[in-house]
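Here's the structure we're looking at; comments come further down.
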Amino acid sequence: MIRIAQISCGSEYSGVQGELQKAAEMVGAELIFPEVSLEDVRNVEERFGIEVASGDLNLAMARATRIVENPDLADAVFVATCFRCAEGAIVRSEIRKYIHENSRIPVLSYSFTERTTAETLLTRMEALVTTAKFKGLLARERQTGLTAGIDSGSTTTKSVVMRDNEVIGTGWVPTTEVIKSAEAAYNAALESAGVKKEEIQGLGTTGYGRHLVGKHFEAKLIQEEITVNSKGAVFLADAQKGTATVIDIGGMDNKAISVQDGIPGTFTMGGICAGASGRFLELTARRLGVDITELGKLAMKGDYQQVPMNSYCIVFGTQSLVNSLSAGSKPEDVAMAACHSVAEQVFEQQLQEVEVKEPVIMVGGTALIEGLPRAMEQLLGLKVMVPDYAQYIGCVGASLLVSGLVED
Amino acid sequence: MVKVMVYPPTSMILADLVERTGHEALVVSKEVRKKVNTPGLDSPPLNMTPEDPKKGLKYAAVDVPSGVRGRMSLLGPMIEEADAAIIIRNDNCTLGCTGCARTNELTRFLLKTKRIPILELDYPEDEFQAKRFVHKIHEFLEGLN
Amino acid sequence: MKSTKYVVTSQDSDVLPSDIALKIYELGREINVKETCFGVIIDGEEEDIDATVEEIRAMDESNIFIKDRGFPPGDPRRCRGHRGGGARPGFYMMQHESEILPLISRGLASEAMGEEASPEIETRKRPSLVELEKMIKEEFS
């Protein structure tokens with residue numbers, strides 16, 4: 001049983017403790033609460049570096065120091081505070097950094113409201129458990145044999161076939177009916193690789209539809225996107241050793257993962273609104289009358305500062321889009337402003353929750369919209385790397401990881 | 001008999017001193033008892049559900065964190081019920097129901113603006129202070145009769 | 001209605017938790033008693049508990065303190081053995097207040113004897129500008 005140390009403030013009183021418990025149980029983990037003494041709480045400033053007005057946050061920091069001093073107590077840490085609490089957000093972030101820097105225990109940071117459900121937490125908890133449980137599998141650096149991966153995403157379904165550490169076939173279709181789309185993408189990948197389904201030694205699935213697709217194809221590995229994408233990203237970017245940061249702006253949500261030696265350390269997943277996702281860029285492309293594959297090139301010619309845009313909400317973002325076009329803004333400036341707006345939200349909301357260390361690797365289909373990684377570079381002041389096959393990251397990760405299971 | 005809310009609402013010392021004089025101490029454990037004994041509810045440990053932060057909207061707006069509103073759903077009705085209050089100023093060990101400083105600030109504010117008799121004092125640090133502490137509380141409670 | 005209370009003894013008290021438990025058994029009411037490091041937890045019907053509390057307090061008026069508890073004793077929802085460890089939050093508050101119980105006990109004893117509480121001493125006084133200037137001159141001369 002994987003032990004997840006819960007270090008939090010407010011979950012019981014928000015009525016979501018039961019949901020946290022349920023999510024942990026669903027992924028085969030138990031929540032534990034590190035024992036601390038009253039003296040530990042009183043001396044929290046001396047030990048952790050700060051004491052705050054809220055007692056439960058001091059207790060949380062005392063528990064964090066206990067975990068760092070006794071890393072055998074827990075396999076993973078879940079740090080959570082109430083959404084919109086400034087004091088909580090500061091402490092949550094410091095606890096996350098503290099554990100990340102002082103131990104090798106994976107940390108998940110989250111802010112909840114009373115609307116948080118077990119289902120919302122499931123993928124995050126699953127990733128936390130996988131990271132803790134399958135360190136050996138995640139340490140795998142080479143793909144061997146003939147394996148395949150299917151990434152059943154919310155917008156597109158992708159598939160790759162790999163042989164002896166090389167991608168030999170790819171397939172890509174928009175997601176409509178989950179299984180049909182998976183079949184189409186998989187068949188396309190098999191065809192371009194020139195191999196038959198029967199020859200595939202192992203298949204791994206990931207993405208929103210991973211369970212359904214995995215069951216249908218009798219996959220050997222069914223895995224959430226956080227661990228799979230981290231693995232795929234460091235593999236394709238040739239950054240398997242040391243630190244890395246993986247950013248995946250998806251069709252429905254975004255992921256920011258701080259990776260150490262190919263294994264997720266801290267990560268966050270979310271997106272307040274579709275305005276901060278690939279959907280907004282699709283909408284922009286449609287409004288500009290260009291294909292999504294052309295949007296990035298157009299954006300590279302533009303200047304985001306010429307167009308005021310805030311896609312914090314997709315409705316307001318669309319309004320900005322329409323207003324700027326009717327006010328005579330140039331399409332290239334509008335395209336770059338849309339890229340900048342999406343990148344800015346990911347920067348503000350997600351990248352503050354992880355340690356951004358180089359190399360920064362952007363993956364997923366949106367990484368191919370050149371304006372987006374450029375906007376991210378401007379915001380971070382760092383070079384952003386987009387590896388080949390960036391849009392197939394989940395499939396590559398799944399294909400690589402499943403080859404470890406085939407060998408076993 | 002007067003209903004006296006104590007702050008911190010988890011204070012054993014204040015609750016005990018209030019009940020010694022025959023008044024009723026309003027303490028959060030009585031609210032928790034109601035929660036945990038509610039049949040049909042199954043949301044351990046406190047049996048608080050997402051409905052509770054919504055009840056807390058009576059005391060704090062929706063942009064106030066859910067943990068504050070959830071706690072206020074326990075403390076708010078006590079404040080409404082209170083005829084008098086005793087408030088400890090140097091409350092430097094508050095956890096759980098009193099583990100959120102914002103909730104505690106709001107609780108003290110709502111008590112103070114209620115225009116009920118209030119006694120504010122510090123936890124004693126020596127015997128002389130303790131004697132004054134007990135005396136002041138005794139005097140205050142006697143005065144409520 | 002059921003009621004649960006903590007009965008806590010100050011460190012100055014000669015009454016042991018086992019003495020309190022014995023007293024409750026002698027009273028013959030239907031009350032569950034659980035001894036803890038602080039004293040005892042008692043659980044039963046509200047009227048039985050209220051009547052018992054007064055009799056327990058009389059064992060050592062100034063040194064016995066009573067507090068309501070939300071959960072019945074050993075409730076798996078709060079018991080650390082059932083919920084992944086960690087003391088329940090109320091434990092810390094109880095420990096914190098227990099440390100000053102001997103002071104409160106002495107205050108109660110003094111109040112019971114009708115002793116006058118000594119007047120408050122103004123310990124902190126802001127120095128006047130003249131005084132401050134003098135201090136600075138003395139320190140840096």
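Every chain in the structure tokens takes a letter, A first, then B, and so on in the order presented; its residues are numbered from 1, and the ligands are numbered from 1 following the presented order.
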Please determine the contact residues of chain A with respect to chain C at a cut-off of 9 Å, counting only C-alpha atoms, and supply them as a PDB file with N, CA and C atoms, in the first residue's frame.
```pdb
ATOM      1  N   ARG A   3       1.799   4.933   0.792  1.00  0.00           N
ATOM      2  CA  ARG A   3       1.384   5.876   1.835  1.00  0.00           C
ATOM      3  C   ARG A   3       1.599   7.313   1.356  1.00  0.00           C
ATOM      4  N   ALA A   5       1.409  11.065   2.412  1.00  0.00           N
ATOM      5  CA  ALA A   5       1.284  11.951   3.578  1.00  0.00           C
ATOM      6  C   ALA A   5       0.448  13.161   3.169  1.00  0.00           C
ATOM      7  N   GLU A  30      -3.118   4.930   0.754  1.00  0.00           N
ATOM      8  CA  GLU A  30      -3.774   5.405   1.977  1.00  0.00           C
ATOM      9  C   GLU A  30      -3.171   6.741   2.377  1.00  0.00           C
ATOM     10  N   LEU A  31      -4.030   7.594   2.931  1.00  0.00           N
ATOM     11  CA  LEU A  31      -3.547   8.904   3.388  1.00  0.00           C
ATOM     12  C   LEU A  31      -3.058   8.750   4.814  1.00  0.00           C
ATOM     13  N   ILE A  32      -1.886   9.301   5.072  1.00  0.00           N
ATOM     14  CA  ILE A  32      -1.384   9.264   6.446  1.00  0.00           C
ATOM     15  C   ILE A  32      -1.077  10.691   6.908  1.00  0.00           C
ATOM     16  N   PHE A  33      -1.057  10.864   8.229  1.00  0.00           N
ATOM     17  CA  PHE A  33      -0.830  12.189   8.815  1.00  0.00           C
ATOM     18  C   PHE A  33       0.378  12.086   9.740  1.00  0.00           C
ATOM     19  N   PRO A  34       1.513  12.654   9.326  1.00  0.00           N
ATOM     20  CA  PRO A  34       2.725  12.491  10.149  1.00  0.00           C
ATOM     21  C   PRO A  34       2.519  13.026  11.570  1.00  0.00           C
ATOM     22  N   GLU A  35       3.013  12.238  12.514  1.00  0.00           N
ATOM     23  CA  GLU A  35       2.893  12.613  13.926  1.00  0.00           C
ATOM     24  C   GLU A  35       3.847  13.760  14.239  1.00  0.00           C
ATOM     25  N   VAL A  36       3.347  14.793  14.859  1.00  0.00           N
ATOM     26  CA  VAL A  36       4.228  15.861  15.354  1.00  0.00           C
ATOM     27  C   VAL A  36       3.783  16.248  16.754  1.00  0.00           C
ATOM     28  N   SER A  37       4.710  16.799  17.520  1.00  0.00           N
ATOM     29  CA  SER A  37       4.361  17.193  18.883  1.00  0.00           C
ATOM     30  C   SER A  37       3.992  18.671  18.909  1.00  0.00           C
ATOM     31  N   LEU A  38       3.420  19.082  20.031  1.00  0.00           N
ATOM     32  CA  LEU A  38       3.077  20.496  20.213  1.00  0.00           C
ATOM     33  C   LEU A  38       4.341  21.353  20.102  1.00  0.00           C
ATOM     34  N   ASP A  56      -3.215  25.777  11.670  1.00  0.00           N
ATOM     35  CA  ASP A  56      -3.186  24.562  10.856  1.00  0.00           C
ATOM     36  C   ASP A  56      -2.075  24.615   9.804  1.00  0.00           C
TER      37      ASP A  56
END
```
Pull the closest atom pair for each residue of chain B that gets at most 7 Å from chain A, along with the distance in Å to one decimal, counting only C-alpha atoms, ordering rows by chain and then ascending residue number, as a Markdown table.
```
| residue | atom | partner | partner_atom | distance |
| --- | --- | --- | --- | --- |
| B:Ser43 | CA | A:Gly18 | CA | 5.4 |
| B:Pro44 | CA | A:Gly18 | CA | 6.1 |
| B:Leu46 | CA | A:Glu12 | CA | 6.8 |
| B:Met48 | CA | A:Gly15 | CA | 4.7 |
| B:Thr49 | CA | A:Gly15 | CA | 3.9 |
| B:Pro50 | CA | A:Gly15 | CA | 4.6 |
| B:Asp52 | CA | A:Gly15 | CA | 6.9 |
| B:Pro53 | CA | A:Ser14 | CA | 5.9 |
| B:Val64 | CA | A:Arg84 | CA | 6.9 |
| B:Pro65 | CA | A:Arg84 | CA | 5.5 |
| B:Ser66 | CA | A:Ser14 | CA | 5.1 |
| B:Gly67 | CA | A:Gly10 | CA | 4.5 |
| B:Gly70 | CA | A:Tyr13 | CA | 4.7 |
| B:Arg71 | CA | A:Tyr13 | CA | 5.7 |
| B:Cys93 | CA | A:Gly55 | CA | 6.5 |
| B:Thr94 | CA | A:Gly55 | CA | 5.2 |
| B:Leu95 | CA | A:Gly55 | CA | 5.0 |
| B:Gly96 | CA | A:Asp56 | CA | 6.4 |
| B:Gly99 | CA | A:Asp56 | CA | 4.5 |
| B:Cys100 | CA | A:Ser54 | CA | 4.6 |
| B:Ala101 | CA | A:Ser54 | CA | 4.4 |
```
Within 8 Å of Ile104 of chain C, counting only C-alpha atoms, which residues show up once you throw out same-chain ones fewer than 3 positions away? Write them as a list of chain:residue names, please. B:Ala130, B:Lys131, B:Val134, C:Ile100, C:Leu101, C:Gly107, C:Leu108
For chain B, report every residue with an atom at most 10 Å from chain C (counting only C-alpha atoms), formatted as a VMD selection string. chain B and resid 8 10 to 17 19 to 20 25 to 37 43 to 47 92 to 99 123 to 136 138
Name the residues of segment 13-133 of chain C that fall into helix (DSSP H, G or I) according to DSSP on the backbone, using the chain letters and numbers of this document, as a ChimeraX atom specification. /C:17-27,46-57,89-112,129-133
Only N, CA and C atoms, please: the residues just picked out, written as a compact mmCIF listing (two decimals), in the first residue's frame.
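In the end it all went to result_24.txt:
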```txt
# COMPACT_ATOMS: atom_id res chain seq x y z
N PRO C 17 -6.45 9.89 37.57
CA PRO C 17 -7.54 9.47 36.68
C PRO C 17 -8.25 8.21 37.19
N SER C 18 -7.45 7.30 37.79
CA SER C 18 -8.08 6.06 38.28
C SER C 18 -9.04 6.34 39.44
N ASP C 19 -8.72 7.39 40.25
CA ASP C 19 -9.63 7.77 41.35
C ASP C 19 -10.96 8.24 40.78
N ILE C 20 -10.86 9.03 39.69
CA ILE C 20 -12.09 9.56 39.08
C ILE C 20 -12.91 8.40 38.51
N ALA C 21 -12.21 7.47 37.85
CA ALA C 21 -12.91 6.32 37.26
C ALA C 21 -13.62 5.53 38.35
N LEU C 22 -12.93 5.33 39.47
CA LEU C 22 -13.51 4.58 40.60
C LEU C 22 -14.75 5.27 41.13
N LYS C 23 -14.64 6.60 41.26
CA LYS C 23 -15.76 7.39 41.77
C LYS C 23 -16.99 7.21 40.87
N ILE C 24 -16.73 7.22 39.55
CA ILE C 24 -17.85 7.09 38.60
C ILE C 24 -18.48 5.70 38.71
N TYR C 25 -17.64 4.68 38.86
CA TYR C 25 -18.20 3.32 39.02
C TYR C 25 -19.06 3.25 40.28
N GLU C 26 -18.56 3.91 41.34
CA GLU C 26 -19.30 3.89 42.62
C GLU C 26 -20.67 4.53 42.47
N LEU C 27 -20.74 5.59 41.59
CA LEU C 27 -22.01 6.31 41.43
C LEU C 27 -23.07 5.42 40.76
N GLU C 46 -27.00 12.67 28.55
CA GLU C 46 -26.66 14.03 28.98
C GLU C 46 -26.94 14.28 30.47
N GLU C 47 -28.15 13.85 30.93
CA GLU C 47 -28.49 14.16 32.34
C GLU C 47 -27.57 13.42 33.31
N ASP C 48 -27.20 12.17 32.96
CA ASP C 48 -26.28 11.41 33.82
C ASP C 48 -24.91 12.09 33.86
N ILE C 49 -24.46 12.53 32.67
CA ILE C 49 -23.15 13.16 32.58
C ILE C 49 -23.13 14.47 33.38
N ASP C 50 -24.18 15.29 33.21
CA ASP C 50 -24.22 16.57 33.92
C ASP C 50 -24.20 16.38 35.43
N ALA C 51 -24.96 15.38 35.91
CA ALA C 51 -25.00 15.13 37.35
C ALA C 51 -23.64 14.63 37.84
N THR C 52 -23.03 13.79 37.06
CA THR C 52 -21.75 13.19 37.45
C THR C 52 -20.63 14.22 37.50
N VAL C 53 -20.66 15.12 36.53
CA VAL C 53 -19.63 16.14 36.42
C VAL C 53 -19.51 16.94 37.73
N GLU C 54 -20.63 17.29 38.31
CA GLU C 54 -20.60 18.08 39.54
C GLU C 54 -19.97 17.29 40.68
N GLU C 55 -20.28 16.00 40.70
CA GLU C 55 -19.72 15.19 41.79
C GLU C 55 -18.22 14.97 41.62
N ILE C 56 -17.81 14.87 40.36
CA ILE C 56 -16.36 14.70 40.13
C ILE C 56 -15.63 16.00 40.51
N ARG C 57 -16.21 17.11 40.10
CA ARG C 57 -15.56 18.39 40.39
C ARG C 57 -15.35 18.57 41.90
N PRO C 89 -6.71 17.50 16.11
CA PRO C 89 -6.30 18.88 16.38
C PRO C 89 -6.57 19.32 17.82
N GLY C 90 -7.65 18.82 18.41
CA GLY C 90 -8.01 19.23 19.77
C GLY C 90 -6.96 18.82 20.80
N PHE C 91 -6.18 17.81 20.48
CA PHE C 91 -5.17 17.31 21.41
C PHE C 91 -4.15 18.41 21.75
N TYR C 92 -3.73 19.14 20.70
CA TYR C 92 -2.70 20.17 20.92
C TYR C 92 -3.22 21.28 21.82
N MET C 93 -4.47 21.68 21.60
CA MET C 93 -5.06 22.74 22.41
C MET C 93 -5.15 22.30 23.87
N MET C 94 -5.55 21.05 24.03
CA MET C 94 -5.67 20.50 25.38
C MET C 94 -4.32 20.50 26.08
N GLN C 95 -3.28 20.09 25.34
CA GLN C 95 -1.93 20.05 25.90
C GLN C 95 -1.48 21.48 26.24
N HIS C 96 -1.76 22.39 25.33
CA HIS C 96 -1.37 23.79 25.52
C HIS C 96 -2.02 24.36 26.78
N GLU C 97 -3.31 24.14 26.95
CA GLU C 97 -4.00 24.70 28.12
C GLU C 97 -3.64 23.94 29.40
N SER C 98 -3.33 22.65 29.24
CA SER C 98 -2.98 21.87 30.44
C SER C 98 -1.74 22.43 31.11
N GLU C 99 -0.85 22.98 30.29
CA GLU C 99 0.39 23.52 30.85
C GLU C 99 0.13 24.68 31.81
N ILE C 100 -0.97 25.42 31.58
CA ILE C 100 -1.21 26.55 32.49
C ILE C 100 -2.29 26.23 33.53
N LEU C 101 -2.76 24.98 33.54
CA LEU C 101 -3.78 24.63 34.52
C LEU C 101 -3.34 24.86 35.97
N PRO C 102 -2.07 24.53 36.33
CA PRO C 102 -1.68 24.79 37.73
C PRO C 102 -1.86 26.26 38.11
N LEU C 103 -1.57 27.17 37.17
CA LEU C 103 -1.75 28.61 37.46
C LEU C 103 -3.23 28.91 37.68
N ILE C 104 -4.07 28.35 36.82
CA ILE C 104 -5.52 28.60 36.93
C ILE C 104 -6.03 28.01 38.25
N SER C 105 -5.52 26.84 38.59
CA SER C 105 -5.92 26.19 39.85
C SER C 105 -5.64 27.11 41.03
N ARG C 106 -4.43 27.69 41.03
CA ARG C 106 -4.07 28.59 42.13
C ARG C 106 -4.97 29.82 42.12
N GLY C 107 -5.30 30.31 40.93
CA GLY C 107 -6.21 31.44 40.80
C GLY C 107 -7.58 31.09 41.37
N LEU C 108 -8.04 29.89 41.09
CA LEU C 108 -9.35 29.47 41.58
C LEU C 108 -9.35 29.33 43.10
N ALA C 109 -8.26 28.75 43.61
CA ALA C 109 -8.17 28.55 45.06
C ALA C 109 -8.17 29.92 45.75
N SER C 110 -7.43 30.84 45.19
CA SER C 110 -7.33 32.19 45.76
C SER C 110 -8.69 32.88 45.71
N GLU C 111 -9.39 32.71 44.60
CA GLU C 111 -10.72 33.31 44.44
C GLU C 111 -11.69 32.70 45.45
N ALA C 112 -11.58 31.39 45.66
CA ALA C 112 -12.48 30.71 46.60
C ALA C 112 -12.26 31.21 48.02
N LEU C 129 10.55 61.17 24.60
CA LEU C 129 11.66 61.52 23.70
C LEU C 129 12.90 61.92 24.48
N VAL C 130 12.65 62.65 25.60
CA VAL C 130 13.78 63.11 26.42
C VAL C 130 14.51 61.90 27.00
N GLU C 131 13.70 60.93 27.50
CA GLU C 131 14.30 59.72 28.09
C GLU C 131 15.07 58.93 27.04
N LEU C 132 14.49 58.84 25.86
CA LEU C 132 15.12 58.09 24.77
C LEU C 132 16.45 58.74 24.38
N GLU C 133 16.42 60.06 24.32
CA GLU C 133 17.63 60.81 23.95
C GLU C 133 18.73 60.54 24.98
```
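For the set B:Asp42, B:Ser73, B:Arg89, B:Leu119, the residue with the smallest atom-to-atom gap to Gly143 of chain B is B:Leu119, counting only C-alpha atoms.
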Surrounding residues of Thr123 of chain A excluding itself and chain neighbours under 4 positions, 9 Å, only C-alpha atoms, as a compact mmCIF listing (two decimals) with N, CA and C atoms, in the first residue's frame:
```
# COMPACT_ATOMS: atom_id res chain seq x y z
N GLU A 119 -13.06 12.46 -8.43
CA GLU A 119 -12.79 12.26 -9.86
C GLU A 119 -11.77 13.29 -10.36
N ALA A 127 -0.96 9.52 -10.70
CA ALA A 127 0.41 9.85 -11.08
C ALA A 127 1.32 9.82 -9.86
N LEU A 128 0.81 10.34 -8.75
CA LEU A 128 1.60 10.37 -7.52
C LEU A 128 1.95 8.94 -7.09
N GLU A 224 -1.81 7.08 -16.61
CA GLU A 224 -2.16 8.50 -16.74
C GLU A 224 -1.05 9.28 -17.46
N GLU A 225 -1.40 10.50 -17.86
CA GLU A 225 -0.53 11.26 -18.75
C GLU A 225 0.70 11.87 -18.07
N ILE A 226 0.62 12.08 -16.77
CA ILE A 226 1.72 12.82 -16.13
C ILE A 226 3.03 12.04 -16.17
N MET A 269 -1.65 20.01 -12.48
CA MET A 269 -2.48 19.74 -13.64
C MET A 269 -3.72 20.59 -13.46
```
